[in-house]
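Asks: Sending over work32.tsv (TSV, N, CA, C and O atoms).
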```
chain	number	residue	atom	x	y	z
G	225	MET	N	41.44	-129.18	28.97
G	225	MET	CA	42.71	-128.79	29.55
G	225	MET	C	42.55	-128.53	31.04
G	225	MET	O	41.59	-127.95	31.47
G	226	LEU	N	43.57	-128.94	31.79
G	226	LEU	CA	43.50	-128.84	33.24
G	226	LEU	C	44.42	-127.77	33.82
G	226	LEU	O	44.42	-127.57	35.02
G	227	GLU	N	45.22	-127.07	32.99
G	227	GLU	CA	46.24	-126.21	33.57
G	227	GLU	C	45.67	-125.08	34.42
G	227	GLU	O	46.34	-124.55	35.27
G	228	GLY	N	44.40	-124.71	34.22
G	228	GLY	CA	43.79	-123.69	35.06
G	228	GLY	C	43.64	-124.14	36.50
G	228	GLY	O	43.50	-123.32	37.40
G	229	ARG	N	43.67	-125.45	36.73
G	229	ARG	CA	43.52	-126.00	38.08
G	229	ARG	C	44.86	-126.41	38.69
G	229	ARG	O	44.89	-127.03	39.74
G	230	ALA	N	45.94	-126.09	38.03
G	230	ALA	CA	47.26	-126.44	38.56
G	230	ALA	C	47.59	-125.53	39.73
G	230	ALA	O	47.27	-124.34	39.72
G	231	ALA	N	48.22	-126.10	40.75
G	231	ALA	CA	48.65	-125.34	41.92
G	231	ALA	C	50.16	-125.14	41.83
G	231	ALA	O	50.93	-126.10	41.98
G	232	LEU	N	50.57	-123.94	41.56
G	232	LEU	CA	51.98	-123.63	41.41
G	232	LEU	C	52.66	-123.64	42.77
G	232	LEU	O	52.19	-123.01	43.73
G	233	GLY	N	53.75	-124.37	42.86
G	233	GLY	CA	54.54	-124.41	44.08
G	233	GLY	C	55.68	-123.42	43.99
G	233	GLY	O	55.54	-122.27	44.37
G	234	GLU	N	56.78	-123.83	43.41
G	234	GLU	CA	57.97	-122.99	43.24
G	234	GLU	C	58.34	-122.97	41.77
G	234	GLU	O	58.18	-123.97	41.06
G	235	THR	N	58.88	-121.86	41.31
G	235	THR	CA	59.35	-121.77	39.94
G	235	THR	C	60.27	-120.58	39.77
G	235	THR	O	60.19	-119.62	40.54
G	236	ASP	N	61.14	-120.66	38.82
G	236	ASP	CA	61.89	-119.49	38.37
G	236	ASP	C	61.82	-119.38	36.84
G	236	ASP	O	62.56	-118.64	36.23
G	237	MET	N	60.89	-120.14	36.25
G	237	MET	CA	60.68	-120.13	34.80
G	237	MET	C	59.94	-118.88	34.37
G	237	MET	O	59.10	-118.37	35.11
G	238	PRO	N	60.18	-118.44	33.13
G	238	PRO	CA	59.34	-117.40	32.57
G	238	PRO	C	57.89	-117.90	32.48
G	238	PRO	O	57.65	-119.11	32.35
G	239	VAL	N	56.95	-116.99	32.53
G	239	VAL	CA	55.53	-117.35	32.57
G	239	VAL	C	55.11	-118.21	31.38
G	239	VAL	O	54.38	-119.19	31.55
G	240	LEU	N	55.56	-117.89	30.19
G	240	LEU	CA	55.17	-118.70	29.02
G	240	LEU	C	55.66	-120.14	29.14
G	240	LEU	O	54.97	-121.08	28.76
G	241	MET	N	56.85	-120.32	29.68
G	241	MET	CA	57.39	-121.66	29.87
G	241	MET	C	56.61	-122.40	30.96
G	241	MET	O	56.36	-123.60	30.84
G	242	GLN	N	56.20	-121.68	32.00
G	242	GLN	CA	55.37	-122.28	33.05
G	242	GLN	C	54.07	-122.80	32.46
G	242	GLN	O	53.65	-123.93	32.75
G	243	LYS	N	53.44	-121.98	31.63
G	243	LYS	CA	52.19	-122.39	31.00
G	243	LYS	C	52.40	-123.60	30.10
G	243	LYS	O	51.55	-124.50	30.05
G	244	HIS	N	53.53	-123.64	29.41
G	244	HIS	CA	53.85	-124.79	28.56
G	244	HIS	C	53.99	-126.06	29.41
G	244	HIS	O	53.50	-127.12	29.03
G	245	ALA	N	54.65	-125.93	30.56
G	245	ALA	CA	54.81	-127.09	31.45
G	245	ALA	C	53.45	-127.61	31.92
G	245	ALA	O	53.19	-128.82	31.90
G	246	MET	N	52.58	-126.71	32.29
G	246	MET	CA	51.26	-127.13	32.78
G	246	MET	C	50.39	-127.68	31.67
G	246	MET	O	49.66	-128.66	31.87
G	247	ARG	N	50.50	-127.11	30.47
G	247	ARG	CA	49.78	-127.67	29.30
G	247	ARG	C	50.29	-129.05	28.98
G	247	ARG	O	49.51	-129.95	28.65
G	248	SER	N	51.60	-129.24	29.04
G	248	SER	CA	52.20	-130.55	28.76
G	248	SER	C	51.73	-131.58	29.77
G	248	SER	O	51.41	-132.72	29.41
G	249	ALA	N	51.67	-131.20	31.04
G	249	ALA	CA	51.18	-132.11	32.07
G	249	ALA	C	49.72	-132.47	31.83
G	249	ALA	O	49.33	-133.63	31.93
G	250	SER	N	48.94	-131.48	31.46
G	250	SER	CA	47.53	-131.73	31.18
G	250	SER	C	47.36	-132.67	29.99
G	250	SER	O	46.55	-133.60	30.03
G	251	SER	N	48.15	-132.44	28.95
G	251	SER	CA	48.10	-133.33	27.78
G	251	SER	C	48.50	-134.75	28.14
G	251	SER	O	47.88	-135.72	27.68
G	252	ALA	N	49.54	-134.88	28.96
G	252	ALA	CA	49.99	-136.21	29.39
G	252	ALA	C	48.89	-136.92	30.17
G	252	ALA	O	48.68	-138.14	29.99
G	253	LEU	N	48.18	-136.19	31.01
G	253	LEU	CA	47.10	-136.80	31.79
G	253	LEU	C	45.92	-137.19	30.90
G	253	LEU	O	45.18	-138.12	31.24
G	254	ASP	N	45.76	-136.51	29.78
G	254	ASP	CA	44.73	-136.92	28.81
G	254	ASP	C	45.12	-138.21	28.09
G	254	ASP	O	44.26	-138.99	27.70
G	255	LEU	N	46.42	-138.43	27.92
G	255	LEU	CA	46.92	-139.58	27.16
G	255	LEU	C	47.15	-140.83	28.02
G	255	LEU	O	47.01	-141.95	27.52
G	256	TYR	N	47.57	-140.63	29.26
G	256	TYR	CA	47.99	-141.75	30.11
G	256	TYR	C	47.16	-141.82	31.37
G	256	TYR	O	46.66	-140.81	31.87
G	257	ASP	N	47.06	-143.02	31.91
G	257	ASP	CA	46.39	-143.20	33.19
G	257	ASP	C	47.17	-142.46	34.27
G	257	ASP	O	48.40	-142.43	34.25
G	258	ILE	N	46.46	-141.90	35.22
G	258	ILE	CA	47.09	-141.10	36.28
G	258	ILE	C	48.08	-141.91	37.11
G	258	ILE	O	48.98	-141.35	37.74
G	259	THR	N	47.97	-143.23	37.09
G	259	THR	CA	48.90	-144.08	37.84
G	259	THR	C	50.19	-144.37	37.08
G	259	THR	O	51.14	-144.89	37.65
G	260	ASP	N	50.25	-144.01	35.80
G	260	ASP	CA	51.44	-144.27	34.98
G	260	ASP	C	52.38	-143.07	35.00
G	260	ASP	O	52.60	-142.40	33.99
G	261	CYS	N	52.93	-142.81	36.17
G	261	CYS	CA	53.76	-141.62	36.37
G	261	CYS	C	55.00	-141.61	35.48
G	261	CYS	O	55.45	-140.56	35.05
G	262	GLN	N	55.56	-142.79	35.21
G	262	GLN	CA	56.76	-142.86	34.37
G	262	GLN	C	56.45	-142.39	32.95
G	262	GLN	O	57.21	-141.61	32.36
G	263	ALA	N	55.33	-142.81	32.38
G	263	ALA	CA	54.94	-142.39	31.03
G	263	ALA	C	54.62	-140.90	31.00
G	263	ALA	O	54.97	-140.20	30.04
G	264	ILE	N	53.97	-140.41	32.03
G	264	ILE	CA	53.64	-138.98	32.11
G	264	ILE	C	54.92	-138.16	32.16
G	264	ILE	O	55.07	-137.17	31.43
G	265	ALA	N	55.86	-138.55	33.02
G	265	ALA	CA	57.13	-137.83	33.13
G	265	ALA	C	57.91	-137.88	31.81
G	265	ALA	O	58.47	-136.86	31.38
G	266	ALA	N	57.94	-139.03	31.16
G	266	ALA	CA	58.66	-139.16	29.88
G	266	ALA	C	58.04	-138.25	28.82
G	266	ALA	O	58.77	-137.61	28.05
G	267	PHE	N	56.72	-138.17	28.77
G	267	PHE	CA	56.03	-137.32	27.81
G	267	PHE	C	56.44	-135.85	28.00
G	267	PHE	O	56.78	-135.15	27.05
G	268	ILE	N	56.42	-135.39	29.26
G	268	ILE	CA	56.75	-133.99	29.54
G	268	ILE	C	58.21	-133.71	29.24
G	268	ILE	O	58.56	-132.69	28.63
G	269	LYS	N	59.10	-134.62	29.65
G	269	LYS	CA	60.53	-134.45	29.38
G	269	LYS	C	60.80	-134.34	27.89
G	269	LYS	O	61.52	-133.45	27.43
G	270	LYS	N	60.21	-135.24	27.11
G	270	LYS	CA	60.42	-135.22	25.65
G	270	LYS	C	59.88	-133.94	25.04
G	270	LYS	O	60.49	-133.37	24.12
G	271	GLU	N	58.74	-133.47	25.53
G	271	GLU	CA	58.16	-132.22	25.04
G	271	GLU	C	59.12	-131.05	25.28
G	271	GLU	O	59.33	-130.22	24.41
G	272	PHE	N	59.70	-130.99	26.47
G	272	PHE	CA	60.62	-129.89	26.78
G	272	PHE	C	61.97	-130.05	26.09
G	272	PHE	O	62.56	-129.05	25.66
G	273	ASP	N	62.46	-131.28	25.95
G	273	ASP	CA	63.69	-131.49	25.17
G	273	ASP	C	63.50	-131.01	23.73
G	273	ASP	O	64.39	-130.37	23.16
G	274	LYS	N	62.35	-131.31	23.16
G	274	LYS	CA	62.06	-130.92	21.78
G	274	LYS	C	61.92	-129.40	21.65
G	274	LYS	O	62.43	-128.82	20.69
G	275	SER	N	61.29	-128.78	22.61
G	275	SER	CA	61.01	-127.34	22.52
G	275	SER	C	62.18	-126.46	22.95
G	275	SER	O	62.37	-125.37	22.41
G	276	TYR	N	62.95	-126.90	23.95
G	276	TYR	CA	63.96	-126.03	24.55
G	276	TYR	C	65.38	-126.61	24.53
G	276	TYR	O	66.28	-126.03	25.11
G	277	GLY	N	65.55	-127.77	23.90
G	277	GLY	CA	66.86	-128.40	23.85
G	277	GLY	C	66.99	-129.46	24.93
G	277	GLY	O	66.18	-129.52	25.86
G	278	PRO	N	68.01	-130.32	24.81
G	278	PRO	CA	68.15	-131.46	25.72
G	278	PRO	C	68.57	-131.05	27.13
G	278	PRO	O	69.00	-129.94	27.36
G	279	GLY	N	68.42	-132.02	28.03
G	279	GLY	CA	68.90	-131.84	29.39
G	279	GLY	C	67.80	-131.70	30.43
G	279	GLY	O	68.08	-131.48	31.60
G	280	TRP	N	66.54	-131.85	30.03
G	280	TRP	CA	65.43	-131.71	30.96
G	280	TRP	C	65.22	-132.99	31.76
G	280	TRP	O	65.43	-134.09	31.25
G	281	GLN	N	64.81	-132.82	33.00
G	281	GLN	CA	64.50	-133.93	33.89
G	281	GLN	C	63.09	-133.70	34.42
G	281	GLN	O	62.71	-132.56	34.71
G	282	CYS	N	62.33	-134.77	34.57
G	282	CYS	CA	60.97	-134.65	35.06
G	282	CYS	C	60.67	-135.76	36.05
G	282	CYS	O	60.98	-136.93	35.80
G	283	VAL	N	60.09	-135.39	37.19
G	283	VAL	CA	59.67	-136.33	38.21
G	283	VAL	C	58.19	-136.09	38.44
G	283	VAL	O	57.75	-134.96	38.61
G	284	VAL	N	57.42	-137.17	38.43
G	284	VAL	CA	55.97	-137.09	38.64
G	284	VAL	C	55.59	-138.13	39.68
G	284	VAL	O	56.02	-139.28	39.59
G	285	GLY	N	54.76	-137.75	40.63
G	285	GLY	CA	54.32	-138.72	41.62
G	285	GLY	C	53.47	-138.08	42.69
G	285	GLY	O	53.06	-136.92	42.58
G	286	THR	N	53.21	-138.86	43.72
G	286	THR	CA	52.37	-138.38	44.81
G	286	THR	C	53.14	-138.20	46.11
G	286	THR	O	52.65	-137.53	47.02
G	287	ASN	N	54.33	-138.76	46.19
G	287	ASN	CA	55.08	-138.69	47.44
G	287	ASN	C	56.57	-138.83	47.14
G	287	ASN	O	57.09	-139.93	47.05
G	288	PHE	N	57.23	-137.71	46.96
G	288	PHE	CA	58.67	-137.75	46.71
G	288	PHE	C	59.31	-136.48	47.25
G	288	PHE	O	58.68	-135.45	47.40
G	289	GLY	N	60.56	-136.60	47.56
G	289	GLY	CA	61.36	-135.45	47.96
G	289	GLY	C	62.43	-135.22	46.92
G	289	GLY	O	62.74	-136.11	46.13
G	290	SER	N	62.98	-134.04	46.91
G	290	SER	CA	64.04	-133.76	45.95
G	290	SER	C	64.94	-132.64	46.46
G	290	SER	O	64.54	-131.84	47.30
G	291	PHE	N	66.13	-132.64	45.95
G	291	PHE	CA	67.08	-131.56	46.18
G	291	PHE	C	67.95	-131.55	44.94
G	291	PHE	O	68.78	-132.43	44.75
G	292	VAL	N	67.70	-130.60	44.05
G	292	VAL	CA	68.36	-130.61	42.74
G	292	VAL	C	69.06	-129.29	42.48
G	292	VAL	O	68.70	-128.25	43.04
G	293	THR	N	70.05	-129.37	41.63
G	293	THR	CA	70.70	-128.17	41.10
G	293	THR	C	70.19	-127.99	39.69
G	293	THR	O	70.17	-128.95	38.91
G	294	HIS	N	69.76	-126.79	39.37
G	294	HIS	CA	69.16	-126.56	38.05
G	294	HIS	C	69.71	-125.29	37.42
G	294	HIS	O	70.25	-124.42	38.11
G	295	ALA	N	69.58	-125.23	36.11
G	295	ALA	CA	69.97	-124.03	35.38
G	295	ALA	C	68.98	-122.92	35.71
G	295	ALA	O	67.78	-123.16	35.80
G	296	ARG	N	69.48	-121.73	35.90
G	296	ARG	CA	68.64	-120.58	36.25
G	296	ARG	C	67.53	-120.40	35.21
G	296	ARG	O	67.78	-120.48	34.01
G	297	GLY	N	66.31	-120.20	35.68
G	297	GLY	CA	65.17	-119.98	34.80
G	297	GLY	C	64.57	-121.24	34.21
G	297	GLY	O	63.77	-121.17	33.28
G	298	ASN	N	64.96	-122.39	34.76
G	298	ASN	CA	64.53	-123.67	34.20
G	298	ASN	C	64.03	-124.64	35.26
G	298	ASN	O	64.35	-125.83	35.23
G	299	PHE	N	63.22	-124.17	36.18
G	299	PHE	CA	62.72	-125.00	37.27
G	299	PHE	C	61.26	-124.69	37.54
G	299	PHE	O	60.86	-123.52	37.59
G	300	ILE	N	60.46	-125.75	37.71
G	300	ILE	CA	59.07	-125.57	38.13
G	300	ILE	C	58.63	-126.78	38.93
G	300	ILE	O	59.01	-127.92	38.63
G	301	TYR	N	57.85	-126.50	39.97
G	301	TYR	CA	57.22	-127.53	40.79
G	301	TYR	C	55.77	-127.12	40.94
G	301	TYR	O	55.47	-126.00	41.37
G	302	PHE	N	54.86	-128.01	40.54
G	302	PHE	CA	53.44	-127.69	40.63
G	302	PHE	C	52.64	-128.96	40.83
G	302	PHE	O	53.13	-130.07	40.63
G	303	GLY	N	51.40	-128.79	41.25
G	303	GLY	CA	50.49	-129.91	41.43
G	303	GLY	C	49.35	-129.82	40.44
G	303	GLY	O	48.91	-128.72	40.08
G	304	LEU	N	48.89	-130.96	39.99
G	304	LEU	CA	47.77	-131.04	39.07
G	304	LEU	C	47.07	-132.37	39.31
G	304	LEU	O	47.73	-133.41	39.36
G	305	GLU	N	45.75	-132.30	39.46
G	305	GLU	CA	45.00	-133.49	39.86
G	305	GLU	C	45.58	-133.96	41.20
G	305	GLU	O	45.76	-133.14	42.09
G	306	ARG	N	45.91	-135.22	41.32
G	306	ARG	CA	46.48	-135.73	42.58
G	306	ARG	C	48.00	-135.88	42.50
G	306	ARG	O	48.61	-136.48	43.38
G	307	LEU	N	48.60	-135.36	41.45
G	307	LEU	CA	50.03	-135.56	41.22
G	307	LEU	C	50.84	-134.28	41.43
G	307	LEU	O	50.33	-133.18	41.24
G	308	ALA	N	52.10	-134.48	41.79
G	308	ALA	CA	53.07	-133.39	41.86
G	308	ALA	C	54.02	-133.54	40.67
G	308	ALA	O	54.36	-134.67	40.27
G	309	PHE	N	54.44	-132.42	40.11
G	309	PHE	CA	55.31	-132.39	38.94
G	309	PHE	C	56.54	-131.54	39.25
G	309	PHE	O	56.40	-130.39	39.68
G	310	LEU	N	57.70	-132.12	39.03
G	310	LEU	CA	58.96	-131.41	39.17
G	310	LEU	C	59.64	-131.48	37.81
G	310	LEU	O	59.92	-132.58	37.30
G	311	LEU	N	59.89	-130.34	37.22
G	311	LEU	CA	60.51	-130.28	35.90
G	311	LEU	C	61.65	-129.27	35.97
G	311	LEU	O	61.46	-128.15	36.44
G	312	PHE	N	62.83	-129.70	35.54
G	312	PHE	CA	63.98	-128.81	35.58
G	312	PHE	C	65.02	-129.22	34.56
G	312	PHE	O	65.06	-130.36	34.11
G	313	ARG	N	65.84	-128.26	34.21
G	313	ARG	CA	66.99	-128.54	33.35
G	313	ARG	C	68.22	-128.49	34.25
G	313	ARG	O	68.40	-127.54	35.00
G	314	GLY	N	69.03	-129.52	34.15
G	314	GLY	CA	70.21	-129.60	34.98
G	314	GLY	C	71.18	-128.45	34.74
G	314	GLY	O	71.26	-127.92	33.63
G	315	ALA	N	71.88	-128.06	35.80
G	315	ALA	CA	72.86	-126.97	35.69
G	315	ALA	C	74.10	-127.48	34.98
G	315	ALA	O	74.50	-128.64	35.15
G	316	PRO	N	74.72	-126.62	34.17
G	316	PRO	CA	75.98	-127.02	33.54
G	316	PRO	C	77.05	-127.30	34.59
G	316	PRO	O	77.07	-126.65	35.64
G	317	VAL	N	77.90	-128.25	34.32
G	317	VAL	CA	78.94	-128.63	35.27
G	317	VAL	C	80.17	-127.79	35.05
G	317	VAL	O	80.55	-127.42	34.01
```
Could you rewrite the structure in this file as structure tokens?

Replies:
Amino acid sequence: MLEGRAALGETDMPVLMQKHAMRSASSALDLYDITDCQAIAAFIKKEFDKSYGPGWQCVVGTNFGSFVTHARGNFIYFGLERLAFLLFRGAPV
């Protein structure tokens, strides 16, 4: 597991959910090549949809910007290995 080496950027998630996000990212990196960012993001999104309900979005990569609106308590941005991970649940409209 790699979550001990994750660099937390920004978050408003509860600590247990943060740990789940980092564990999910670590598991995805065990399953997929580090260059397959789409598969890694899909794995994490599906994990969070299954655990916390639908509506999760995940972006994984090495060079991206973002400006998103998210539901309170459902946002995390962290780095692991050479990748950045953005995971959030969209805000209700």

Asks: Please identify which residues in chain G DSSP calls helix (DSSP H, G or I) from the backbone, and express them as an mmCIF file with N, CA, C and O atoms, keeping the file's coordinate frame.

Replies:
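Saved the output as states26.cif:
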```
data_model
loop_
_atom_site.group_PDB
_atom_site.id
_atom_site.type_symbol
_atom_site.label_atom_id
_atom_site.label_comp_id
_atom_site.auth_asym_id
_atom_site.auth_seq_id
_atom_site.Cartn_x
_atom_site.Cartn_y
_atom_site.Cartn_z
ATOM 1 N N GLU G 227 45.220 -127.070 32.990
ATOM 2 C CA GLU G 227 46.240 -126.210 33.570
ATOM 3 C C GLU G 227 45.670 -125.080 34.420
ATOM 4 O O GLU G 227 46.340 -124.550 35.270
ATOM 5 N N GLY G 228 44.400 -124.710 34.220
ATOM 6 C CA GLY G 228 43.790 -123.690 35.060
ATOM 7 C C GLY G 228 43.640 -124.140 36.500
ATOM 8 O O GLY G 228 43.500 -123.320 37.400
ATOM 9 N N ARG G 229 43.670 -125.450 36.730
ATOM 10 C CA ARG G 229 43.520 -126.000 38.080
ATOM 11 C C ARG G 229 44.860 -126.410 38.690
ATOM 12 O O ARG G 229 44.890 -127.030 39.740
ATOM 13 N N VAL G 239 56.950 -116.990 32.530
ATOM 14 C CA VAL G 239 55.530 -117.350 32.570
ATOM 15 C C VAL G 239 55.110 -118.210 31.380
ATOM 16 O O VAL G 239 54.380 -119.190 31.550
ATOM 17 N N LEU G 240 55.560 -117.890 30.190
ATOM 18 C CA LEU G 240 55.170 -118.700 29.020
ATOM 19 C C LEU G 240 55.660 -120.140 29.140
ATOM 20 O O LEU G 240 54.970 -121.080 28.760
ATOM 21 N N MET G 241 56.850 -120.320 29.680
ATOM 22 C CA MET G 241 57.390 -121.660 29.870
ATOM 23 C C MET G 241 56.610 -122.400 30.960
ATOM 24 O O MET G 241 56.360 -123.600 30.840
ATOM 25 N N GLN G 242 56.200 -121.680 32.000
ATOM 26 C CA GLN G 242 55.370 -122.280 33.050
ATOM 27 C C GLN G 242 54.070 -122.800 32.460
ATOM 28 O O GLN G 242 53.650 -123.930 32.750
ATOM 29 N N LYS G 243 53.440 -121.980 31.630
ATOM 30 C CA LYS G 243 52.190 -122.390 31.000
ATOM 31 C C LYS G 243 52.400 -123.600 30.100
ATOM 32 O O LYS G 243 51.550 -124.500 30.050
ATOM 33 N N HIS G 244 53.530 -123.640 29.410
ATOM 34 C CA HIS G 244 53.850 -124.790 28.560
ATOM 35 C C HIS G 244 53.990 -126.060 29.410
ATOM 36 O O HIS G 244 53.500 -127.120 29.030
ATOM 37 N N ALA G 245 54.650 -125.930 30.560
ATOM 38 C CA ALA G 245 54.810 -127.090 31.450
ATOM 39 C C ALA G 245 53.450 -127.610 31.920
ATOM 40 O O ALA G 245 53.190 -128.820 31.900
ATOM 41 N N MET G 246 52.580 -126.710 32.290
ATOM 42 C CA MET G 246 51.260 -127.130 32.780
ATOM 43 C C MET G 246 50.390 -127.680 31.670
ATOM 44 O O MET G 246 49.660 -128.660 31.870
ATOM 45 N N ARG G 247 50.500 -127.110 30.470
ATOM 46 C CA ARG G 247 49.780 -127.670 29.300
ATOM 47 C C ARG G 247 50.290 -129.050 28.980
ATOM 48 O O ARG G 247 49.510 -129.950 28.650
ATOM 49 N N SER G 248 51.600 -129.240 29.040
ATOM 50 C CA SER G 248 52.200 -130.550 28.760
ATOM 51 C C SER G 248 51.730 -131.580 29.770
ATOM 52 O O SER G 248 51.410 -132.720 29.410
ATOM 53 N N ALA G 249 51.670 -131.200 31.040
ATOM 54 C CA ALA G 249 51.180 -132.110 32.070
ATOM 55 C C ALA G 249 49.720 -132.470 31.830
ATOM 56 O O ALA G 249 49.330 -133.630 31.930
ATOM 57 N N SER G 250 48.940 -131.480 31.460
ATOM 58 C CA SER G 250 47.530 -131.730 31.180
ATOM 59 C C SER G 250 47.360 -132.670 29.990
ATOM 60 O O SER G 250 46.550 -133.600 30.030
ATOM 61 N N SER G 251 48.150 -132.440 28.950
ATOM 62 C CA SER G 251 48.100 -133.330 27.780
ATOM 63 C C SER G 251 48.500 -134.750 28.140
ATOM 64 O O SER G 251 47.880 -135.720 27.680
ATOM 65 N N ALA G 252 49.540 -134.880 28.960
ATOM 66 C CA ALA G 252 49.990 -136.210 29.390
ATOM 67 C C ALA G 252 48.890 -136.920 30.170
ATOM 68 O O ALA G 252 48.680 -138.140 29.990
ATOM 69 N N LEU G 253 48.180 -136.190 31.010
ATOM 70 C CA LEU G 253 47.100 -136.800 31.790
ATOM 71 C C LEU G 253 45.920 -137.190 30.900
ATOM 72 O O LEU G 253 45.180 -138.120 31.240
ATOM 73 N N ASP G 254 45.760 -136.510 29.780
ATOM 74 C CA ASP G 254 44.730 -136.920 28.810
ATOM 75 C C ASP G 254 45.120 -138.210 28.090
ATOM 76 O O ASP G 254 44.260 -138.990 27.700
ATOM 77 N N LEU G 255 46.420 -138.430 27.920
ATOM 78 C CA LEU G 255 46.920 -139.580 27.160
ATOM 79 C C LEU G 255 47.150 -140.830 28.020
ATOM 80 O O LEU G 255 47.010 -141.950 27.520
ATOM 81 N N CYS G 261 52.930 -142.810 36.170
ATOM 82 C CA CYS G 261 53.760 -141.620 36.370
ATOM 83 C C CYS G 261 55.000 -141.610 35.480
ATOM 84 O O CYS G 261 55.450 -140.560 35.050
ATOM 85 N N GLN G 262 55.560 -142.790 35.210
ATOM 86 C CA GLN G 262 56.760 -142.860 34.370
ATOM 87 C C GLN G 262 56.450 -142.390 32.950
ATOM 88 O O GLN G 262 57.210 -141.610 32.360
ATOM 89 N N ALA G 263 55.330 -142.810 32.380
ATOM 90 C CA ALA G 263 54.940 -142.390 31.030
ATOM 91 C C ALA G 263 54.620 -140.900 31.000
ATOM 92 O O ALA G 263 54.970 -140.200 30.040
ATOM 93 N N ILE G 264 53.970 -140.410 32.030
ATOM 94 C CA ILE G 264 53.640 -138.980 32.110
ATOM 95 C C ILE G 264 54.920 -138.160 32.160
ATOM 96 O O ILE G 264 55.070 -137.170 31.430
ATOM 97 N N ALA G 265 55.860 -138.550 33.020
ATOM 98 C CA ALA G 265 57.130 -137.830 33.130
ATOM 99 C C ALA G 265 57.910 -137.880 31.810
ATOM 100 O O ALA G 265 58.470 -136.860 31.380
ATOM 101 N N ALA G 266 57.940 -139.030 31.160
ATOM 102 C CA ALA G 266 58.660 -139.160 29.880
ATOM 103 C C ALA G 266 58.040 -138.250 28.820
ATOM 104 O O ALA G 266 58.770 -137.610 28.050
ATOM 105 N N PHE G 267 56.720 -138.170 28.770
ATOM 106 C CA PHE G 267 56.030 -137.320 27.810
ATOM 107 C C PHE G 267 56.440 -135.850 28.000
ATOM 108 O O PHE G 267 56.780 -135.150 27.050
ATOM 109 N N ILE G 268 56.420 -135.390 29.260
ATOM 110 C CA ILE G 268 56.750 -133.990 29.540
ATOM 111 C C ILE G 268 58.210 -133.710 29.240
ATOM 112 O O ILE G 268 58.560 -132.690 28.630
ATOM 113 N N LYS G 269 59.100 -134.620 29.650
ATOM 114 C CA LYS G 269 60.530 -134.450 29.380
ATOM 115 C C LYS G 269 60.800 -134.340 27.890
ATOM 116 O O LYS G 269 61.520 -133.450 27.430
ATOM 117 N N LYS G 270 60.210 -135.240 27.110
ATOM 118 C CA LYS G 270 60.420 -135.220 25.650
ATOM 119 C C LYS G 270 59.880 -133.940 25.040
ATOM 120 O O LYS G 270 60.490 -133.370 24.120
ATOM 121 N N GLU G 271 58.740 -133.470 25.530
ATOM 122 C CA GLU G 271 58.160 -132.220 25.040
ATOM 123 C C GLU G 271 59.120 -131.050 25.280
ATOM 124 O O GLU G 271 59.330 -130.220 24.410
ATOM 125 N N PHE G 272 59.700 -130.990 26.470
ATOM 126 C CA PHE G 272 60.620 -129.890 26.780
ATOM 127 C C PHE G 272 61.970 -130.050 26.090
ATOM 128 O O PHE G 272 62.560 -129.050 25.660
ATOM 129 N N ASP G 273 62.460 -131.280 25.950
ATOM 130 C CA ASP G 273 63.690 -131.490 25.170
ATOM 131 C C ASP G 273 63.500 -131.010 23.730
ATOM 132 O O ASP G 273 64.390 -130.370 23.160
ATOM 133 N N LYS G 274 62.350 -131.310 23.160
ATOM 134 C CA LYS G 274 62.060 -130.920 21.780
ATOM 135 C C LYS G 274 61.920 -129.400 21.650
ATOM 136 O O LYS G 274 62.430 -128.820 20.690
ATOM 137 N N SER G 275 61.290 -128.780 22.610
ATOM 138 C CA SER G 275 61.010 -127.340 22.520
ATOM 139 C C SER G 275 62.180 -126.460 22.950
ATOM 140 O O SER G 275 62.370 -125.370 22.410
ATOM 141 N N TYR G 276 62.950 -126.900 23.950
ATOM 142 C CA TYR G 276 63.960 -126.030 24.550
ATOM 143 C C TYR G 276 65.380 -126.610 24.530
ATOM 144 O O TYR G 276 66.280 -126.030 25.110
#
```

Asks: If I take CA of Asn287 (chain G) and CA of Leu240 (chain G), how far is one from the other in Å, to one decimal?

Replies: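 Between CA of Asn287 (chain G) and CA of Leu240 (chain G) the gap is 27.2 Å.
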
Asks: Hey, which of G:Phe309, G:Tyr276, G:Phe288, G:Phe267 ends up closest to Ser251 (chain G)? Count all atoms listed in the file.

Replies: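 For Ser251 (chain G), the nearest of the candidates is G:Phe267.
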
Asks: Near Ala249 (chain G), counting all atoms listed in the file, which residues have an atom at most 7 Å away, once you skip same-chain residues fewer than 6 positions from it, shown as number ranges by chain?

Replies: G: 243, 255, 264, 268

Asks: Where does DSSP see strand (DSSP E) in chain G, if you list the residues as a PyMOL selection string?

Replies: chain G and resi 231-235+280-285+294-304+307-314

Asks: Hey, can you check how far atom O of Cys282 (chain G) sits from atom O of Arg306 (chain G)?

Replies: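 Spanning atom O of Cys282 (chain G) to atom O of Arg306 (chain G) is a straight-line distance of 14.5 Å.
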
Asks: Could you check the closest approach to Leu311 (chain G) for each of G:Ala230, G:Lys269, G:Ser275, G:Ile258 and tell me which residue wins, using only N, CA, C and O atoms?

Replies: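 Closest to Leu311 (chain G) of all the choices is G:Lys269.
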
Asks: Do a neighbour search on Met237 (chain G) at 7 Å with all atoms listed in the file, toss out local chain neighbours closer than 3 positions, and write the hits as a list in words.

Replies: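 Counting all atoms listed in the file, the residues come to Glu234, Leu240, Met241, Gln242, Arg296, Gly297, Asn298, Phe299 and Ile300 of chain G.
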
Asks: Just the residues within 6 Å of Trp280 (chain G), please, counting all atoms listed in the file, with nothing from its chain fewer than 2 positions along; format it as a count of residues only.

Replies: 8

Asks: For a test of reading the model, state the distance in Å between CA of Glu305 (chain G) and CA of Pro238 (chain G), rounded to one decimal.

Replies: 22.8 Å

Asks: Considering all atoms listed in the file, can you say which of G:Pro316, G:Cys261, G:Val239, G:His244 comes closest to Val283 (chain G)?

Replies: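 Counting all atoms listed in the file, the residue closest to Val283 (chain G) is G:Cys261.
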
Asks: Which residue, G:Phe272, G:Phe302, G:Phe291, G:Tyr256, has the smallest gap to Leu232 (chain G) when you use all atoms listed in the file?

Replies: G:Phe302
